[in-house]
$ cat target.cif   # mmCIF, C-alpha atoms
data_protein
#
loop_
_atom_site.label_atom_id
_atom_site.label_comp_id
_atom_site.auth_asym_id
_atom_site.auth_seq_id
_atom_site.Cartn_x
_atom_site.Cartn_y
_atom_site.Cartn_z
CA MET X 12 -89.12 -28.70 -34.48
CA ARG X 13 -87.30 -30.01 -31.39
CA ILE X 14 -85.03 -27.37 -29.90
CA LEU X 15 -82.38 -27.76 -27.22
CA ALA X 16 -81.09 -24.74 -25.34
CA ILE X 17 -77.52 -25.38 -24.23
CA ILE X 18 -76.60 -23.41 -21.11
CA PRO X 19 -72.88 -23.58 -20.34
CA ALA X 20 -72.37 -22.79 -16.66
CA TYR X 21 -69.05 -22.24 -14.94
CA ASN X 22 -69.52 -20.89 -11.42
CA GLU X 23 -72.95 -19.40 -12.10
CA GLU X 24 -74.63 -20.07 -8.73
CA GLU X 25 -75.93 -16.50 -8.55
CA CYS X 26 -78.32 -16.45 -11.47
CA LEU X 27 -78.47 -19.92 -12.98
CA ALA X 28 -81.70 -20.85 -11.17
CA ALA X 29 -83.48 -17.65 -12.24
CA THR X 30 -82.31 -18.07 -15.84
CA VAL X 31 -83.54 -21.66 -16.08
CA ARG X 32 -86.85 -20.88 -14.33
CA ASN X 33 -87.45 -18.02 -16.76
CA LEU X 34 -86.64 -20.26 -19.72
CA GLU X 35 -88.97 -23.00 -18.47
CA ALA X 36 -91.80 -20.53 -17.89
CA THR X 37 -91.42 -18.63 -21.17
CA CYS X 38 -90.68 -21.54 -23.52
CA PRO X 39 -92.07 -24.77 -22.04
CA GLU X 40 -91.79 -26.43 -25.47
CA VAL X 41 -88.02 -25.87 -25.59
CA ASP X 42 -85.80 -28.48 -23.90
CA TYR X 43 -82.65 -27.30 -22.21
CA LEU X 44 -79.42 -28.75 -20.85
CA VAL X 45 -77.24 -27.04 -18.29
CA VAL X 46 -73.59 -27.96 -18.84
CA ASN X 47 -71.85 -27.50 -15.53
CA ASP X 48 -68.23 -27.16 -16.65
CA GLY X 49 -66.44 -28.23 -13.48
CA SER X 50 -67.77 -25.37 -11.36
CA THR X 51 -66.20 -24.93 -7.93
CA ASP X 52 -69.18 -23.12 -6.45
CA ARG X 53 -72.69 -24.45 -5.77
CA THR X 54 -73.76 -24.66 -9.43
CA ARG X 55 -73.97 -28.45 -9.31
CA GLU X 56 -75.93 -28.54 -6.03
CA ILE X 57 -78.38 -25.95 -7.35
CA CYS X 58 -79.05 -28.09 -10.45
CA GLU X 59 -79.59 -31.19 -8.33
CA GLN X 60 -81.83 -29.49 -5.75
CA GLN X 61 -83.98 -27.83 -8.40
CA GLY X 62 -84.10 -30.96 -10.56
CA PHE X 63 -82.69 -29.15 -13.60
CA SER X 64 -81.69 -31.10 -16.68
CA CYS X 65 -77.93 -30.99 -16.25
CA VAL X 66 -74.64 -32.68 -17.06
CA SER X 67 -71.60 -32.08 -14.87
CA LEU X 68 -68.08 -32.28 -16.22
CA PRO X 69 -65.58 -33.53 -13.61
CA ILE X 70 -63.05 -30.81 -14.56
CA ASN X 71 -63.19 -27.30 -16.04
CA THR X 72 -62.60 -27.69 -19.77
CA GLY X 73 -63.53 -24.27 -21.15
CA LEU X 74 -66.52 -22.81 -22.99
CA SER X 75 -65.91 -24.56 -26.32
CA SER X 76 -65.70 -27.98 -24.74
CA GLY X 77 -68.66 -27.32 -22.48
CA PHE X 78 -70.72 -26.25 -25.46
CA GLN X 79 -69.53 -29.30 -27.40
CA THR X 80 -70.84 -31.49 -24.57
CA GLY X 81 -74.27 -29.97 -25.15
CA MET X 82 -73.96 -30.51 -28.91
CA LYS X 83 -73.11 -34.18 -28.34
CA TYR X 84 -76.22 -34.52 -26.20
CA ALA X 85 -78.31 -32.77 -28.88
CA ASP X 86 -76.82 -35.00 -31.60
CA ARG X 87 -77.48 -38.21 -29.69
CA HIS X 88 -81.03 -37.22 -28.84
CA GLY X 89 -81.90 -36.15 -32.38
CA TYR X 90 -82.63 -32.44 -31.88
CA ASP X 91 -83.40 -30.32 -34.95
CA ALA X 92 -81.78 -27.18 -33.57
CA ALA X 93 -79.61 -26.12 -30.65
CA VAL X 94 -79.27 -22.64 -29.22
CA GLN X 95 -76.41 -21.20 -27.17
CA PHE X 96 -77.94 -19.63 -24.12
CA ASP X 97 -76.05 -17.74 -21.40
CA ALA X 98 -76.52 -18.75 -17.78
CA ASP X 99 -76.11 -15.18 -16.53
CA GLY X 100 -79.52 -13.93 -17.65
CA GLN X 101 -78.32 -11.79 -20.59
CA HIS X 102 -80.33 -13.72 -23.14
CA LEU X 103 -84.11 -13.58 -23.23
CA PRO X 104 -85.91 -16.86 -23.92
CA GLN X 105 -88.78 -15.24 -25.83
CA TYR X 106 -86.43 -14.88 -28.81
CA ILE X 107 -85.88 -18.65 -29.12
CA PRO X 108 -89.17 -19.29 -30.99
CA VAL X 109 -88.48 -16.24 -33.19
CA MET X 110 -85.05 -17.65 -34.05
CA ALA X 111 -86.53 -21.08 -34.77
CA GLU X 112 -89.14 -19.53 -37.03
CA ALA X 113 -86.44 -17.61 -38.92
CA MET X 114 -84.36 -20.79 -39.24
CA GLN X 115 -87.25 -22.69 -40.81
CA ARG X 116 -88.39 -19.84 -43.02
CA GLU X 117 -84.94 -19.12 -44.45
CA ASP X 118 -83.65 -22.69 -44.23
CA ALA X 119 -80.73 -21.21 -42.31
CA ALA X 120 -77.78 -23.05 -40.79
CA VAL X 121 -77.25 -20.39 -38.13
CA VAL X 122 -79.56 -17.76 -36.64
CA ILE X 123 -77.98 -15.01 -34.55
CA ALA X 124 -79.84 -12.82 -32.07
CA SER X 125 -78.39 -9.44 -33.06
CA ARG X 126 -78.23 -6.52 -30.65
CA THR X 127 -77.14 -4.26 -33.50
CA LEU X 128 -80.36 -4.89 -35.45
CA ALA X 129 -82.29 -3.92 -32.31
CA ASN X 130 -80.25 -0.68 -32.16
CA GLU X 131 -78.43 -1.89 -29.06
CA ALA X 132 -74.96 -2.32 -30.55
CA PRO X 133 -72.41 -2.91 -27.80
CA ALA X 134 -70.56 0.30 -26.93
CA GLY X 135 -67.01 1.16 -25.88
CA ALA X 136 -64.11 -1.25 -26.20
CA ARG X 137 -66.48 -4.18 -26.50
CA GLY X 138 -68.23 -2.49 -29.41
CA ALA X 139 -64.91 -1.69 -31.10
CA GLY X 140 -63.85 -5.33 -30.88
CA SER X 141 -67.19 -6.44 -32.25
CA LYS X 142 -66.96 -3.98 -35.15
CA LEU X 143 -63.42 -5.12 -35.95
CA ILE X 144 -64.51 -8.76 -36.09
CA ALA X 145 -67.54 -7.87 -38.23
CA ALA X 146 -65.26 -5.98 -40.63
CA LEU X 147 -62.83 -8.92 -40.85
CA ILE X 148 -65.69 -11.29 -41.66
CA ARG X 149 -67.00 -8.81 -44.25
CA VAL X 150 -63.61 -8.54 -45.95
CA THR X 151 -62.75 -12.24 -45.92
CA THR X 152 -66.16 -13.72 -46.75
CA GLY X 153 -68.15 -10.89 -48.31
CA LYS X 154 -71.01 -11.56 -45.87
CA ARG X 155 -72.37 -8.99 -43.48
CA ILE X 156 -72.90 -10.13 -39.91
CA THR X 157 -74.05 -7.23 -37.77
CA ASP X 158 -73.42 -8.79 -34.36
CA PRO X 159 -70.79 -11.54 -34.61
CA THR X 160 -70.03 -11.48 -30.88
CA SER X 161 -73.62 -12.05 -29.81
CA GLY X 162 -73.54 -15.16 -27.64
CA MET X 163 -77.07 -16.21 -28.57
CA ARG X 164 -76.90 -18.34 -31.70
CA MET X 165 -79.03 -21.16 -33.02
CA TYR X 166 -77.54 -23.97 -35.12
CA ASN X 167 -79.34 -26.49 -37.32
CA ALA X 168 -79.07 -30.30 -37.13
CA LYS X 169 -76.22 -30.51 -39.61
CA LEU X 170 -74.12 -28.11 -37.55
CA ILE X 171 -75.06 -29.90 -34.33
CA ARG X 172 -73.44 -33.00 -35.79
CA GLU X 173 -70.41 -31.02 -36.90
CA PHE X 174 -69.90 -29.42 -33.49
CA ALA X 175 -70.39 -32.78 -31.77
CA HIS X 176 -67.60 -34.38 -33.78
CA GLY X 177 -65.38 -31.33 -34.29
CA PHE X 178 -61.79 -30.98 -33.14
CA ASP X 179 -61.49 -27.24 -32.58
CA LEU X 180 -64.87 -25.70 -33.39
CA THR X 181 -65.54 -22.79 -31.06
CA PRO X 182 -69.01 -21.36 -30.56
CA GLU X 183 -67.44 -18.01 -31.51
CA PRO X 184 -67.19 -15.53 -34.42
CA ASP X 185 -64.36 -17.36 -36.19
CA THR X 186 -66.62 -20.36 -36.73
CA LEU X 187 -69.28 -18.00 -38.12
CA ALA X 188 -66.68 -16.70 -40.59
CA MET X 189 -65.79 -20.22 -41.65
CA LEU X 190 -69.45 -21.14 -42.12
CA ALA X 191 -70.15 -17.93 -44.05
CA ARG X 192 -67.23 -18.59 -46.36
CA ARG X 193 -68.48 -22.13 -46.92
CA GLY X 194 -71.75 -20.67 -48.14
CA GLU X 195 -73.97 -21.63 -45.20
CA THR X 196 -76.98 -19.38 -44.68
CA ILE X 197 -76.55 -17.15 -41.64
CA VAL X 198 -79.59 -15.12 -40.62
CA GLU X 199 -79.92 -12.48 -37.92
CA ILE X 200 -82.97 -11.35 -36.01
CA PRO X 201 -83.16 -8.19 -33.89
CA ALA X 202 -83.00 -8.99 -30.19
CA HIS X 203 -82.81 -7.06 -26.98
CA MET X 204 -80.40 -8.29 -24.34
CA GLU X 205 -80.23 -7.69 -20.61
CA GLU X 206 -77.17 -6.77 -18.59
CA ARG X 207 -75.61 -9.81 -16.98
CA GLN X 208 -77.55 -10.49 -13.80
CA GLY X 209 -74.69 -11.81 -11.71
CA GLY X 210 -71.60 -13.98 -11.77
CA GLU X 211 -68.21 -13.02 -13.05
CA SER X 212 -67.56 -11.59 -16.50
CA TYR X 213 -64.80 -13.04 -18.67
CA LEU X 214 -63.93 -9.48 -19.65
CA ASN X 215 -60.47 -9.14 -18.12
CA LEU X 216 -57.52 -7.90 -20.13
CA PRO X 217 -55.52 -11.14 -20.63
CA HIS X 218 -58.66 -12.96 -21.65
CA VAL X 219 -59.72 -10.23 -24.07
CA VAL X 220 -56.26 -10.11 -25.67
CA ARG X 221 -56.21 -13.88 -26.11
CA TYR X 222 -59.78 -13.90 -27.43
CA MET X 223 -59.11 -11.19 -30.00
CA ALA X 224 -55.80 -12.75 -31.05
CA ARG X 225 -57.39 -16.15 -31.50
CA THR X 226 -60.43 -14.81 -33.33
CA CYS X 227 -58.51 -12.51 -35.70
CA LEU X 228 -55.85 -15.12 -36.44
CA SER X 229 -58.47 -17.72 -37.12
CA ILE X 230 -60.50 -15.46 -39.42
CA LEU X 231 -57.56 -13.92 -41.27
CA MET X 232 -55.31 -16.91 -41.63
CA PHE X 233 -56.55 -20.32 -40.68
CA GLN X 234 -60.08 -20.37 -42.05
CA TRP X 235 -58.70 -20.95 -45.56
CA PHE X 236 -56.93 -24.12 -44.50
CA ARG X 237 -59.34 -25.72 -42.05
CA LYS X 238 -61.16 -28.82 -43.11
CA MET G 13 -14.19 -26.05 -34.07
CA SER G 14 -12.19 -24.79 -31.11
CA LEU G 15 -10.92 -27.14 -28.41
CA MET G 16 -12.94 -25.28 -25.81
CA LEU G 17 -16.15 -25.78 -27.75
CA ARG G 18 -15.34 -29.48 -28.16
CA ILE G 19 -14.81 -29.92 -24.44
CA LEU G 20 -18.07 -28.05 -23.83
CA CYS G 21 -19.92 -30.32 -26.25
CA VAL G 22 -18.48 -33.53 -24.81
CA SER G 23 -19.24 -32.59 -21.20
CA GLY G 24 -22.64 -31.17 -22.19
CA SER G 25 -23.73 -34.33 -23.94
CA LEU G 26 -22.43 -36.55 -21.13
CA ILE G 27 -24.33 -34.48 -18.55
CA LEU G 28 -27.45 -34.68 -20.76
CA LEU G 29 -27.16 -38.50 -20.93
CA LEU G 30 -26.76 -38.70 -17.15
CA PHE G 31 -29.70 -36.37 -16.67
CA ILE G 32 -31.96 -38.47 -18.94
CA THR G 33 -30.93 -41.69 -17.18
CA SER G 34 -31.66 -40.29 -13.76
CA ASN G 35 -35.06 -39.01 -14.93
CA ILE G 36 -35.96 -42.42 -16.27
CA ARG G 37 -34.88 -44.02 -13.00
CA ARG G 38 -37.00 -41.55 -11.02
CA ARG G 39 -39.96 -42.26 -13.34
CA LYS G 40 -40.20 -38.66 -14.53
CA VAL G 41 -40.16 -39.52 -18.23
CA GLN G 42 -41.14 -42.55 -20.28
CA ILE G 43 -38.44 -44.34 -22.24
CA GLU G 44 -40.36 -43.64 -25.45
CA ASP G 45 -40.16 -39.90 -24.83
CA SER G 46 -36.46 -40.05 -23.97
CA ILE G 47 -35.42 -41.43 -27.40
CA PHE G 48 -35.19 -37.92 -28.88
CA TRP G 49 -32.92 -36.69 -26.12
CA VAL G 50 -30.64 -39.74 -26.19
CA ILE G 51 -30.17 -39.39 -29.96
CA LEU G 52 -29.49 -35.65 -29.58
CA ALA G 53 -26.93 -36.27 -26.82
CA VAL G 54 -25.16 -39.02 -28.78
CA ALA G 55 -25.10 -36.91 -31.96
CA LEU G 56 -23.59 -34.01 -30.02
CA LEU G 57 -21.00 -36.37 -28.56
CA VAL G 58 -20.06 -37.76 -31.99
CA VAL G 59 -19.63 -34.26 -33.44
CA ALA G 60 -17.50 -33.22 -30.46
CA ILE G 61 -15.24 -36.27 -30.81
CA PHE G 62 -15.02 -36.09 -34.62
CA PRO G 63 -15.24 -32.35 -35.36
CA ARG G 64 -14.29 -33.04 -39.00
CA ILE G 65 -17.94 -33.91 -39.61
CA ALA G 66 -18.99 -30.40 -38.65
CA THR G 67 -16.05 -28.68 -40.34
CA PHE G 68 -16.60 -30.52 -43.60
CA THR G 69 -20.38 -29.96 -43.74
CA ALA G 70 -20.01 -26.32 -42.69
CA GLN G 71 -17.55 -25.69 -45.52
CA LEU G 72 -19.75 -27.53 -47.97
CA LEU G 73 -22.73 -25.34 -47.07
CA GLY G 74 -20.70 -22.14 -46.92
CA PHE G 75 -20.84 -21.41 -43.17
CA GLN G 76 -18.11 -19.10 -41.92
CA ALA G 77 -17.39 -21.21 -38.85
CA PRO G 78 -18.25 -24.82 -37.95
CA SER G 79 -19.63 -23.61 -34.62
CA ASN G 80 -22.23 -21.49 -36.44
CA PHE G 81 -23.30 -24.56 -38.34
CA VAL G 82 -23.66 -26.59 -35.13
CA PHE G 83 -25.70 -23.80 -33.49
CA VAL G 84 -28.06 -23.49 -36.46
CA VAL G 85 -28.65 -27.23 -36.59
CA VAL G 86 -29.27 -27.49 -32.84
CA ILE G 87 -31.66 -24.51 -32.84
CA ALA G 88 -33.62 -25.94 -35.77
CA ILE G 89 -33.91 -29.33 -34.07
CA LEU G 90 -35.08 -27.73 -30.81
CA LEU G 91 -37.70 -25.58 -32.59
CA ALA G 92 -39.06 -28.66 -34.35
CA LYS G 93 -39.20 -30.49 -31.03
CA LEU G 94 -40.97 -27.55 -29.38
CA PHE G 95 -43.64 -27.48 -32.06
CA SER G 96 -44.17 -31.22 -31.84
CA LEU G 97 -44.69 -30.75 -28.10
CA SER G 98 -47.38 -28.13 -28.88
CA THR G 99 -49.21 -30.58 -31.12
CA GLU G 100 -48.94 -33.23 -28.44
CA VAL G 101 -50.36 -30.87 -25.79
CA SER G 102 -53.25 -29.96 -28.16
CA SER G 103 -54.01 -33.60 -28.73
CA LEU G 104 -53.85 -34.36 -25.00
CA LYS G 105 -56.17 -31.42 -24.23
CA HIS G 106 -58.61 -32.66 -26.86
CA ARG G 107 -58.59 -36.20 -25.51
CA LEU G 108 -58.90 -35.04 -21.90
CA ASN G 109 -61.94 -32.92 -22.84
CA GLU G 110 -63.48 -35.86 -24.69
CA LEU G 111 -63.06 -38.03 -21.60
CA ALA G 112 -64.62 -35.43 -19.31
CA GLN G 113 -67.53 -34.89 -21.73
CA GLU G 114 -68.22 -38.60 -22.14
CA GLU G 115 -68.11 -39.16 -18.39
CA ALA G 116 -70.63 -36.36 -17.83
CA LEU G 117 -72.95 -37.58 -20.63
CA LEU G 118 -72.76 -41.19 -19.44
CA TYR G 119 -73.74 -40.18 -15.93
CA LYS G 120 -76.70 -38.21 -17.29
CA GLU G 121 -77.81 -41.14 -19.46
CA GLU G 122 -77.66 -43.51 -16.49
CA GLU G 123 -79.77 -41.06 -14.49
CA GLU G 124 -82.35 -40.87 -17.29
CA ILE G 125 -82.55 -44.68 -17.53
CA ASN G 126 -82.97 -45.00 -13.76
CA SER G 127 -85.72 -42.39 -13.58
CA ALA G 128 -87.50 -44.03 -16.55
CA ARG G 129 -87.35 -47.38 -14.76
CA GLU G 130 -88.78 -45.91 -11.57
CA ALA G 131 -91.64 -44.23 -13.40
#

$ encode --input "target.cif" --output "structure tokens"
Amino acid sequence: MRILAIIPAYNEEECLAATVRNLEATCPEVDYLVVNDGSTDRTREICEQQGFSCVSLPINTGLSSGFQTGMKYADRHGYDAAVQFDADGQHLPQYIPVMAEAMQREDAAVVIASRTLANEAPAGARGAGSKLIAALIRVTTGKRITDPTSGMRMYNAKLIREFAHGFDLTPEPDTLAMLARRGETIVEIPAHMEERQGGESYLNLPHVVRYMARTCLSILMFQWFRK
Amino acid sequence: MSLMLRILCVSGSLILLLFITSNIRRRKVQIEDSIFWVILAVALLVVAIFPRIATFTAQLLGFQAPSNFVFVVVIAILLAKLFSLSTEVSSLKHRLNELAQEEALLYKEEEEINSAREA
């Protein structure tokens, strides 16, 4: 099973090198691709100096588009699975083989590394948002996803193709809801996650409001009409 | 339709036509994208010069005043235009992202070919 870890990186000079080194050391059999999404810091130079496998977008296009770039690469190079992997060191590479194993065993379309199953459910406002999204998915699709906002997800070859050619497919919970409703198998494995090791969090108020609005609207209203 | 409103409509549409023309001359807007505004301005002008059109249709549809009818029609047209602009922005964003992605992937592919050749 050929696996590609897609590492979207926007201004991640602080911990990108450590994250990639850790991934290389822990999972030498897993290929990776750093997607430098128009960073304005030294992300690009770090990739070049260290000889990382990397593509650099000329402008900042956002997480969805950056991730889609990785999916296009995976599609064109015939990977069997692709995993979303954060550049900030939150995700631990040792779970990638576990996810791959679960994907093969259950013939799953998506495997999520769930903090909740590892008894590390996000707390506070972040946890409340996550619970709300999980409840919405439960109500609209009947499927239980314990950690929909986990950023570490593995997709099979069919979904790689779909993401590569998609118009507005986000690597976010609303896409999980759509896939669940369509009857795709979504499996979760318990996984521990680290605190982010550096760089800037997206967790500011305007961004959170927009994220929740987009996610809820998409799950509640648009998923019934999307093709 | 009151005389005041007619004068307002006539001068408004004339100013709009002038504004569009000057924007085309200063290369701020493409002729293709100005069609909507020219038609809107001319339609406004026609209604202002022949208010019977508005009065008659307003009565037919049961509006209390012709001016209400004109407002409703203009607001509806503008909302439709606004939404079509949203779809156009979405499509432009999508195509811009595609371009950026393809450029990045092409560069990577070239790099891979070069390093394979050297090896």

$ closest_atom_pairs --input "target.cif" --of "chain X" --to "chain G" --cutoff "9 Å" --atoms "all atoms listed in the file" --output "CSV"
residue,atom,partner,partner_atom,distance
X:Val46,CA,G:Ala116,CA,9.0
X:Ser64,CA,G:Lys120,CA,8.7
X:Cys65,CA,G:Lys120,CA,7.4
X:Val66,CA,G:Ala116,CA,5.5
X:Ser67,CA,G:Ala116,CA,5.3
X:Leu68,CA,G:Ala116,CA,5.1
X:Pro69,CA,G:Ala112,CA,6.1
X:Ile70,CA,G:Ala112,CA,6.8
X:Asn71,CA,G:Ala112,CA,8.9
X:Thr72,CA,G:Asn109,CA,6.1
X:Gly73,CA,G:Asn109,CA,9.0
X:Ser76,CA,G:Asn109,CA,6.5
X:Gly77,CA,G:Gln113,CA,7.7
X:Gln79,CA,G:Gln113,CA,8.2
X:Thr80,CA,G:Gln113,CA,5.5
X:Gly81,CA,G:Leu117,CA,8.9
X:Lys83,CA,G:Leu117,CA,8.4
X:Tyr84,CA,G:Leu117,CA,7.1
X:Phe178,CA,G:His106,CA,7.2
X:Asp179,CA,G:His106,CA,8.4

$ axis_aligned_box --input "target.cif" --around "segment 97-114 of chain G" --padding-each-side "5 Å" --output "JSON"
{"center_x": -56.5, "center_y": -33.4, "center_z": -25.2, "size_x": 33.5, "size_y": 20.5, "size_z": 21.8}

$ residues_near_point --input "target.cif" --point "(-72.3, -26.1, -12.3)" --cutoff "8 Å" --atoms "all atoms listed in the file" --output "NGL selection string"
:X and (20-24 or 45-58 or 67)

$ residues_around --input "target.cif" --residues "His102 of chain X" --least-positions-apart "4" --cutoff "7 Å" --atoms "all atoms listed in the file" --output "list in words"
Phe96, Asp97, Met163, Met204 and Glu205 of chain X

$ atom_distance --input "target.cif" --atom1 "atom CA of Pro159 of chain X" --atom2 "atom CA of Pro108 of chain X"
20.3 Å

$ build_atoms --input "target.cif" --residues "segment 74-93 of chain G" --atoms "N, CA and C atoms" --output "short mmCIF file (atom, residue, chain, number, x, y, z; two decimals), in the coordinates of the input"
data_model
loop_
_atom_site.label_atom_id
_atom_site.label_comp_id
_atom_site.auth_asym_id
_atom_site.auth_seq_id
_atom_site.Cartn_x
_atom_site.Cartn_y
_atom_site.Cartn_z
N GLY G 74 -21.11 -23.53 -46.89
CA GLY G 74 -20.70 -22.14 -46.92
C GLY G 74 -20.85 -21.39 -45.60
N PHE G 75 -20.82 -22.09 -44.47
CA PHE G 75 -20.84 -21.41 -43.17
C PHE G 75 -19.46 -20.86 -42.87
N GLN G 76 -19.41 -19.70 -42.20
CA GLN G 76 -18.11 -19.10 -41.92
C GLN G 76 -17.35 -19.90 -40.87
N ALA G 77 -18.06 -20.43 -39.89
CA ALA G 77 -17.39 -21.21 -38.85
C ALA G 77 -18.21 -22.47 -38.56
N PRO G 78 -17.52 -23.58 -38.26
CA PRO G 78 -18.25 -24.82 -37.95
C PRO G 78 -19.19 -24.65 -36.77
N SER G 79 -18.77 -23.79 -35.81
CA SER G 79 -19.63 -23.61 -34.62
C SER G 79 -20.98 -23.02 -35.02
N ASN G 80 -20.96 -22.07 -35.96
CA ASN G 80 -22.23 -21.49 -36.44
C ASN G 80 -23.15 -22.57 -36.98
N PHE G 81 -22.53 -23.47 -37.75
CA PHE G 81 -23.30 -24.56 -38.34
C PHE G 81 -23.94 -25.42 -37.25
N VAL G 82 -23.14 -25.77 -36.23
CA VAL G 82 -23.66 -26.59 -35.13
C VAL G 82 -24.81 -25.87 -34.43
N PHE G 83 -24.63 -24.57 -34.16
CA PHE G 83 -25.70 -23.80 -33.49
C PHE G 83 -26.99 -23.84 -34.30
N VAL G 84 -26.87 -23.55 -35.61
CA VAL G 84 -28.06 -23.49 -36.46
C VAL G 84 -28.81 -24.82 -36.44
N VAL G 85 -28.02 -25.92 -36.56
CA VAL G 85 -28.65 -27.23 -36.59
C VAL G 85 -29.36 -27.52 -35.26
N VAL G 86 -28.68 -27.22 -34.15
CA VAL G 86 -29.27 -27.49 -32.84
C VAL G 86 -30.54 -26.66 -32.64
N ILE G 87 -30.48 -25.37 -33.01
CA ILE G 87 -31.66 -24.51 -32.84
C ILE G 87 -32.83 -25.03 -33.67
N ALA G 88 -32.55 -25.43 -34.91
CA ALA G 88 -33.62 -25.94 -35.77
C ALA G 88 -34.25 -27.19 -35.16
N ILE G 89 -33.39 -28.10 -34.67
CA ILE G 89 -33.91 -29.33 -34.07
C ILE G 89 -34.79 -29.01 -32.85
N LEU G 90 -34.32 -28.07 -32.02
CA LEU G 90 -35.08 -27.73 -30.81
C LEU G 90 -36.42 -27.09 -31.16
N LEU G 91 -36.43 -26.21 -32.19
CA LEU G 91 -37.70 -25.58 -32.59
C LEU G 91 -38.69 -26.65 -33.07
N ALA G 92 -38.18 -27.59 -33.86
CA ALA G 92 -39.06 -28.66 -34.35
C ALA G 92 -39.63 -29.44 -33.18
N LYS G 93 -38.76 -29.73 -32.21
CA LYS G 93 -39.20 -30.49 -31.03
C LYS G 93 -40.27 -29.71 -30.26
#
